[in-house]
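Chemist: Sharing query_29.pdb here; it has PDB, C-alpha atoms.
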ATOM      1  CA  MET A   1      41.052   1.495  52.016
ATOM      2  CA  SER A   2      38.434  -0.146  54.177
ATOM      3  CA  SER A   3      34.956  -0.916  53.144
ATOM      4  CA  LEU A   4      31.747  -1.305  55.076
ATOM      5  CA  PHE A   5      30.888  -4.444  53.212
ATOM      6  CA  THR A   6      33.160  -7.425  53.296
ATOM      7  CA  ARG A   7      33.699  -9.359  50.157
ATOM      8  CA  SER A   8      33.609 -13.068  50.202
ATOM      9  CA  LYS A   9      35.281 -15.289  47.690
ATOM     10  CA  ASP A  10      31.861 -16.413  46.384
ATOM     11  CA  TYR A  11      30.907 -12.955  45.227
ATOM     12  CA  THR A  12      33.884 -11.805  43.261
ATOM     13  CA  ARG A  13      33.278  -9.121  40.724
ATOM     14  CA  SER A  14      34.683  -9.381  37.280
ATOM     15  CA  ARG A  15      35.307  -6.206  35.398
ATOM     16  CA  LYS A  16      35.623  -5.813  31.704
ATOM     17  CA  SER A  17      38.607  -3.904  30.666
ATOM     18  CA  GLN A  18      38.085  -1.108  28.196
ATOM     19  CA  SER A  19      40.016  -3.030  25.601
ATOM     20  CA  ASP A  20      37.389  -5.852  25.748
ATOM     21  CA  SER A  21      34.512  -3.621  24.711
ATOM     22  CA  PRO A  22      34.418  -2.010  21.281
ATOM     23  CA  PRO A  23      34.871   1.754  21.133
ATOM     24  CA  SER A  24      31.672   3.647  20.668
ATOM     25  CA  SER A  25      30.921   7.273  20.085
ATOM     26  CA  PRO A  26      28.486   8.853  22.529
ATOM     27  CA  SER A  27      25.034   9.588  21.226
ATOM     28  CA  PRO A  28      23.814  13.190  20.933
ATOM     29  CA  ILE A  29      21.537  12.705  23.921
ATOM     30  CA  ALA A  30      24.426  11.406  26.028
ATOM     31  CA  LYS A  31      26.493  14.421  24.988
ATOM     32  CA  THR A  32      23.781  16.871  26.047
ATOM     33  CA  LEU A  33      23.278  15.058  29.343
ATOM     34  CA  ARG A  34      27.026  15.137  30.034
ATOM     35  CA  HIS A  35      27.119  18.854  29.165
ATOM     36  CA  GLU A  36      24.244  19.541  31.564
ATOM     37  CA  ARG A  37      25.948  17.582  34.350
ATOM     38  CA  LEU A  38      29.130  19.545  33.821
ATOM     39  CA  SER A  39      27.286  22.851  33.870
ATOM     40  CA  ARG A  40      25.547  21.845  37.116
ATOM     41  CA  LEU A  41      28.876  20.851  38.650
ATOM     42  CA  GLU A  42      30.431  24.138  37.657
ATOM     43  CA  ALA A  43      27.489  26.013  39.126
ATOM     44  CA  ALA A  44      27.762  24.022  42.373
ATOM     45  CA  THR A  45      31.519  24.576  42.773
ATOM     46  CA  ALA A  46      31.387  28.313  42.030
ATOM     47  CA  PRO A  47      32.042  30.469  45.137
ATOM     48  CA  ALA A  48      28.907  31.765  46.803
ATOM     49  CA  THR A  49      28.356  35.484  46.481
ATOM     50  CA  SER A  50      25.694  37.824  47.712
ATOM     51  CA  ASP A  51      23.710  37.096  44.536
ATOM     52  CA  SER A  52      23.789  33.339  45.177
ATOM     53  CA  TYR A  53      20.034  33.210  45.627
ATOM     54  CA  SER A  54      19.392  34.893  42.295
ATOM     55  CA  ASP A  55      22.065  32.716  40.641
ATOM     56  CA  ARG A  56      20.386  29.596  41.961
ATOM     57  CA  ALA A  57      16.992  30.789  40.795
ATOM     58  CA  SER A  58      18.311  31.613  37.339
ATOM     59  CA  SER A  59      20.149  28.290  37.139
ATOM     60  CA  ARG A  60      16.920  26.516  38.126
ATOM     61  CA  SER A  61      14.950  28.392  35.516
ATOM     62  CA  SER A  62      17.614  27.695  32.913
ATOM     63  CA  ALA A  63      17.607  24.015  33.906
ATOM     64  CA  TYR A  64      13.832  23.992  33.558
ATOM     65  CA  SER A  65      14.022  25.721  30.236
ATOM     66  CA  ARG A  66      16.692  23.269  29.036
ATOM     67  CA  ARG A  67      14.491  20.399  30.187
ATOM     68  CA  GLU A  68      11.477  21.885  28.409
ATOM     69  CA  ASN A  69      13.562  22.368  25.275
ATOM     70  CA  ARG A  70      14.716  18.747  25.429
ATOM     71  CA  LEU A  71      11.168  17.490  25.931
ATOM     72  CA  ALA A  72       9.915  19.671  23.101
ATOM     73  CA  ALA A  73      12.667  18.356  20.816
ATOM     74  CA  LEU A  74      11.832  14.765  21.737
ATOM     75  CA  SER A  75       8.118  15.280  21.182
ATOM     76  CA  SER A  76       8.752  17.046  17.870
ATOM     77  CA  ARG A  77      10.985  14.159  16.761
ATOM     78  CA  ALA A  78       8.290  11.674  17.740
ATOM     79  CA  GLU A  79       5.718  13.782  15.891
ATOM     80  CA  GLU A  80       7.917  13.926  12.785
ATOM     81  CA  GLU A  81       8.418  10.162  12.879
ATOM     82  CA  SER A  82       4.692   9.539  13.190
ATOM     83  CA  ASN A  83       4.067  12.020  10.359
ATOM     84  CA  ARG A  84       6.634  10.169   8.249
ATOM     85  CA  ASP A  85       4.856   6.905   9.037
ATOM     86  CA  TYR A  86       1.542   8.431   7.967
ATOM     87  CA  LYS A  87       3.189   9.817   4.845
ATOM     88  CA  LYS A  88       4.570   6.377   4.002
ATOM     89  CA  LEU A  89       1.161   4.795   4.568
ATOM     90  CA  TYR A  90      -0.510   7.483   2.469
ATOM     91  CA  GLU A  91       2.001   7.104  -0.345
ATOM     92  CA  SER A  92       1.685   3.322  -0.382
ATOM     93  CA  ALA A  93      -2.126   3.576  -0.366
ATOM     94  CA  LEU A  94      -1.966   6.121  -3.168
ATOM     95  CA  SER A  95       0.295   3.945  -5.324
ATOM     96  CA  GLU A  96      -1.898   0.899  -4.708
ATOM     97  CA  ASN A  97      -4.934   2.982  -5.643
ATOM     98  CA  GLN A  98      -3.275   3.994  -8.916
ATOM     99  CA  LYS A  99      -2.439   0.356  -9.706
ATOM    100  CA  LEU A 100      -6.018  -0.684  -9.017
ATOM    101  CA  LYS A 101      -7.358   2.142 -11.189
ATOM    102  CA  SER A 102      -5.178   1.051 -14.100
ATOM    103  CA  LYS A 103      -6.298  -2.575 -13.671
ATOM    104  CA  LEU A 104      -9.924  -1.439 -13.593
ATOM    105  CA  GLN A 105      -9.432   0.576 -16.764
ATOM    106  CA  GLU A 106      -7.845  -2.427 -18.515
ATOM    107  CA  ALA A 107     -10.717  -4.656 -17.385
ATOM    108  CA  GLN A 108     -13.277  -2.133 -18.681
ATOM    109  CA  LEU A 109     -11.533  -1.992 -22.071
ATOM    110  CA  GLU A 110     -11.463  -5.776 -22.240
ATOM    111  CA  LEU A 111     -15.159  -5.916 -21.315
ATOM    112  CA  ALA A 112     -16.049  -3.426 -24.057
ATOM    113  CA  ASP A 113     -14.041  -5.481 -26.580
ATOM    114  CA  ILE A 114     -15.770  -8.706 -25.554
ATOM    115  CA  LYS A 115     -19.207  -7.033 -25.761
ATOM    116  CA  SER A 116     -18.526  -5.815 -29.300
ATOM    117  CA  LYS A 117     -17.366  -9.294 -30.348
ATOM    118  CA  LEU A 118     -20.478 -10.823 -28.821
ATOM    119  CA  GLU A 119     -22.734  -8.360 -30.653
ATOM    120  CA  LYS A 120     -21.012  -9.134 -33.962
ATOM    121  CA  ALA A 121     -21.405 -12.858 -33.394
ATOM    122  CA  ALA A 122     -25.094 -12.423 -32.525
ATOM    123  CA  GLN A 123     -25.620 -10.333 -35.681
ATOM    124  CA  GLN A 124     -23.895 -12.903 -37.863
ATOM    125  CA  LYS A 125     -25.977 -15.683 -36.352
ATOM    126  CA  GLN A 126     -29.152 -13.733 -36.962
ATOM    127  CA  GLU A 127     -28.130 -13.046 -40.558
ATOM    128  CA  LYS A 128     -27.335 -16.716 -41.096
ATOM    129  CA  THR A 129     -30.661 -17.821 -39.670
ATOM    130  CA  SER A 130     -32.533 -15.244 -41.749
ATOM    131  CA  ASP A 131     -30.565 -16.355 -44.808
ATOM    132  CA  ARG A 132     -31.334 -19.995 -44.038
ATOM    133  CA  SER A 133     -35.016 -19.305 -43.575
ATOM    134  CA  SER A 134     -35.167 -17.413 -46.846
ATOM    135  CA  MET A 135     -33.245 -20.229 -48.553
ATOM    136  CA  LEU A 136     -35.597 -22.786 -47.089
ATOM    137  CA  GLU A 137     -38.602 -20.830 -48.325
ATOM    138  CA  MET A 138     -37.096 -20.580 -51.791
ATOM    139  CA  GLU A 139     -36.357 -24.311 -51.818
ATOM    140  CA  LYS A 140     -39.907 -25.073 -50.731
ATOM    141  CA  ARG A 141     -41.297 -22.905 -53.527
ATOM    142  CA  GLU A 142     -39.062 -24.576 -56.075
ATOM    143  CA  LYS A 143     -40.055 -27.991 -54.758
ATOM    144  CA  ARG A 144     -43.739 -27.107 -55.052
ATOM    145  CA  ALA A 145     -43.185 -25.767 -58.526
ATOM    146  CA  LEU A 146     -41.392 -28.990 -59.537
ATOM    147  CA  GLU A 147     -44.144 -31.090 -57.981
ATOM    148  CA  ARG A 148     -46.758 -29.160 -59.954
ATOM    149  CA  LYS A 149     -44.833 -29.636 -63.175
ATOM    150  CA  LEU A 150     -44.435 -33.316 -62.390
ATOM    151  CA  SER A 151     -48.120 -33.748 -61.725
ATOM    152  CA  GLU A 152     -48.952 -31.815 -64.925
ATOM    153  CA  MET A 153     -46.616 -34.056 -66.917
ATOM    154  CA  GLU A 154     -48.178 -37.159 -65.390
ATOM    155  CA  GLU A 155     -51.636 -35.932 -66.378
ATOM    156  CA  GLU A 156     -50.414 -35.215 -69.899
ATOM    157  CA  MET A 157     -49.006 -38.714 -70.143
ATOM    158  CA  LYS A 158     -52.322 -40.177 -69.044
ATOM    159  CA  PHE A 159     -54.116 -38.247 -71.737
ATOM    160  CA  ALA A 160     -51.536 -39.149 -74.293
ATOM    161  CA  GLU A 161     -51.988 -42.825 -73.730
TER     162      GLU A 161
END
How would this structure read if it were set down as structure tokens?
Modeler:
Amino acid sequence: MSSLFTRSKDYTRSRKSQSDSPPSSPSPIAKTLRHERLSRLEAATAPATSDSYSDRASSRSSAYSRRENRLAALSSRAEEESNRDYKKLYESALSENQKLKSKLQEAQLELADIKSKLEKAAQQKQEKTSDRSSMLEMEKREKRALERKLSEMEEEMKFAE
């Protein structure tokens, strides 16, 4: 078998044997492409009849429709994936929102508790100061009363002498 191109020793090709590469199953897209190629080959090798023009037209329209179906399937898959991404984002935002709401509620409860404690402390302080002031007034009165008695006793002692 002769070739148009001559091979030199510098440009030797190395081929991988099939045993070197791991076996892989064809993807669904590869399967559909192979099926389409086979159907085109069968249509091309079929004997030409008087209806060959109509057969070609119908095969073209079916090829176009298959192509449109493939494109529609691909776009719908892409749409579904983007919708799933949006769903995931929405769900994560929703869960984060719930967590933040619960934290806010806890913080509000804690704030209400602290406010009530502060009010109680302020009331107690006010009561203590009012009690102290009343005690101081009572002590002052008693002191004045004792001073009066003392001065009266001193005057009595002066007269008694």
Chemist: Record the distance separating CA of Leu33 (chain A) and CA of Ser62 (chain A), expressed in Å with one decimal.
Modeler: 14.3 Å
Chemist: So how far away is CA of Lys120 (chain A) from CA of Gln105 (chain A), in Å?
Modeler: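 Separating CA of Gln105 (chain A) from CA of Lys120 (chain A) is a distance of 22.9 Å.
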Chemist: Using Å and a single decimal, report how far CA of Glu156 (chain A) sits from CA of Met138 (chain A).
Modeler: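 CA of Met138 (chain A) sits 26.8 Å away from CA of Glu156 (chain A).
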Chemist: Nearest residue to Ser39 (chain A) out of A:Lys88, A:Arg66, A:Lys125, A:Lys99, using only C-alpha atoms?
Modeler: A:Arg66
Chemist: Once you add 4 Å to each side, what are the centre and edge lengths of the axis-aligned box holding all listed atoms of region 96-99 of chain A? One decimal in Å, as JSON, if you can.
Modeler:
{"center_x": -3.4, "center_y": 2.2, "center_z": -7.2, "size_x": 11.0, "size_y": 11.6, "size_z": 13.0}
